[in-house]
Structure formats: structure tokens, C-alpha cells
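What follows is a short report on a single structure.
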Amino acid sequence: MRIYLVVIDNNPESGIALRFAARRAVKTGGGVEILALIEPQEFIPFGGVQATIEEEARLHAEGLVAGAAGTLLEESGLRPSITVRQGDGPKIIREMIADSPDIAALVLGAAAHGAPGPLIAHFSSDSGSLPVPLMIVPGSLTREAIDRLS
């Protein structure tokens with residue numbers, strides 16, 4: 001099965017990337033894997049504080065992907081796979097792609113204005129080494145434009 005890997009965060013462009021990936025998955029008989037990345041926390045010498053901060057970040061990320069999965073199911077009927085991981089984003093994404101031969105593309109949303117985010121900057125500068133296509137969905141696209149293009 002052809003799987004589209006989408007990275008979700010708090011930015012609106014990630015929702016646009018998810019819509020694009022879902023529409024492509026429906027048309028190709030594929031699926032969607034939603035990934036939420038948790039940034040590694042700086043070391044805090046008080047272990048209890050560190051654990052609380054990490055737990056809050058995990059709960060936030062899980063809520064984010066649960067909401068995205070609900071929207072995806074409601075709008076397209078697709079039940080996505082969900083992954084929440086903490087660590088270096090590019091490394092985690094490369095590991096997921098390497099571990100799953102069903103991942104057919106990495107789909108990222110670009111901000112409507114300004115510089116690209118860190119994942120787009122990283123992967124677009126090194127996209128030749130990816131074993132799957134990198135799809136960058138412009139954040140300025142309307143829902144209608146996404147539907148037309150996908």
C-alpha cells in the first residue's frame with residue numbers, strides 16, 4: 001500500500017499538507033502516516049521538572065495528531081497511522097522511511113510567507129538522497145486549490 005508520510009505541528013501549513021496527502025491517498029488507494037515530532041528538551045538538573053516538561057510536550061503532540069487524525073477520518077474516510085516520536089526530526093523521518101517500504105512520499109507544508117521551516121530546509125537541500133519523493137505543499141493554497149491539484 002502506498003503511504004504518504006506527513007509531519008504535523010502547530011502551523012497551519014501542516015494541515016494543508018495533510019489535506020493534500022489524504023486526497024492523494026484516496027485517489028491512489030493508499031494511506032497516510034501522521035508523524036508528530038517532539039523536540040528534545042534541554043537538560044534540567046531537576047529530574048522531576050524535566051519529566052514534567054517532557055510529559056507535557058508528549059501530551060500536546062498526542063493531542064495534535066489525534067485532532068488531525070479525526071479531521072482526516074471525517075473529511076476523507078481514511079484512518080491514518082499515528083506516530084509520536086521525540087528526537088532529531090530529520091533522523092526520525094529517515095529512520096521511518098527506511099523501516100517502512102510502504103512509505104511512498106514525504107509530504108511537508110511550506111509557510112505561506114517567509115523562510116522555509118527547518119524540515120523543508122533540511123530535506124530540500126538533501127532531497128537527492130531520499131529514497132522517496134519529497135512533496136512540498138505551499139501554505140498559501142486554498143482548500144479548493146488543494147482539491148484541484150491532488
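In the C-alpha cells, the first chain shown is A, the next is B, and so on; residue numbers restart at 1 for each chain, and ligands run from 1 in the order shown.
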
Go through region 50-135 of chain A residue by residue and, counting only C-alpha atoms, keep those with an atom at most 10 Å from region 7-30 of chain A; for each kept residue give the shortest atom pair and its distance in Å to one decimal, ordered by chain and increasing number, as a tab-separated table.
residue	atom	partner	partner_atom	distance
A:His60	CA	A:Asn10	CA	9.8
A:Ala61	CA	A:Asp9	CA	7.8
A:Leu64	CA	A:Asp9	CA	7.1
A:Val65	CA	A:Ile8	CA	6.9
A:Ala68	CA	A:Gly15	CA	7.6
A:Ala69	CA	A:Leu18	CA	9.4
A:Thr71	CA	A:Arg19	CA	9.2
A:Leu72	CA	A:Ala22	CA	7.1
A:Leu73	CA	A:Ala22	CA	9.4
A:Glu75	CA	A:Arg19	CA	8.7
A:Ser76	CA	A:Ala22	CA	6.8
A:Gly77	CA	A:Val26	CA	8.6
A:Leu78	CA	A:Ala22	CA	7.4
A:Arg79	CA	A:Ala22	CA	9.9
A:Pro80	CA	A:Ala22	CA	9.0
A:Thr83	CA	A:Val7	CA	9.6
A:Val84	CA	A:Ile8	CA	9.9
A:Gly89	CA	A:Val7	CA	9.4
A:Ile93	CA	A:Val7	CA	8.8
A:Asp102	CA	A:Gly30	CA	9.3
A:Ile103	CA	A:Gly30	CA	9.7
A:Ala104	CA	A:Gly30	CA	9.2
A:Ala105	CA	A:Ala21	CA	9.0
A:Leu106	CA	A:Val7	CA	8.3
A:Val107	CA	A:Ala17	CA	6.2
A:Leu108	CA	A:Ala17	CA	5.7
A:Gly109	CA	A:Glu13	CA	4.7
A:Ala110	CA	A:Glu13	CA	5.9
A:Ala111	CA	A:Glu13	CA	5.8
A:Ala112	CA	A:Glu13	CA	7.6
A:Leu119	CA	A:Val7	CA	9.2
A:Met135	CA	A:Ala17	CA	8.7

What is the CA of Ala36 (chain A) to CA of Ile146 (chain A) distance in Å? 22.0 Å

DSSP helix (DSSP H, G or I) residues within chain A, as JSON, numbers by chain: {"A": [12, 13, 14, 15, 16, 17, 18, 19, 20, 21, 22, 23, 24, 25, 26, 27, 28, 47, 48, 49, 50, 51, 52, 53, 54, 55, 56, 57, 58, 59, 60, 61, 62, 63, 64, 65, 66, 67, 68, 69, 70, 71, 72, 73, 74, 75, 76, 89, 90, 91, 92, 93, 94, 95, 96, 97, 98, 99, 118, 119, 120, 121, 122, 123, 124, 125, 127, 128, 129, 143, 144, 145, 146, 147, 148, 149]}

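Closest approach to Arg85 (chain A) among A:Ile120, A:Gly114, A:Ile97, A:Ile38: A:Ile38, based on only C-alpha atoms.
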
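For the set A:Gly31, A:His113, A:Glu74, A:Leu37, the residue with the smallest atom-to-atom gap to Pro138 (chain A) is A:His113, counting only C-alpha atoms.
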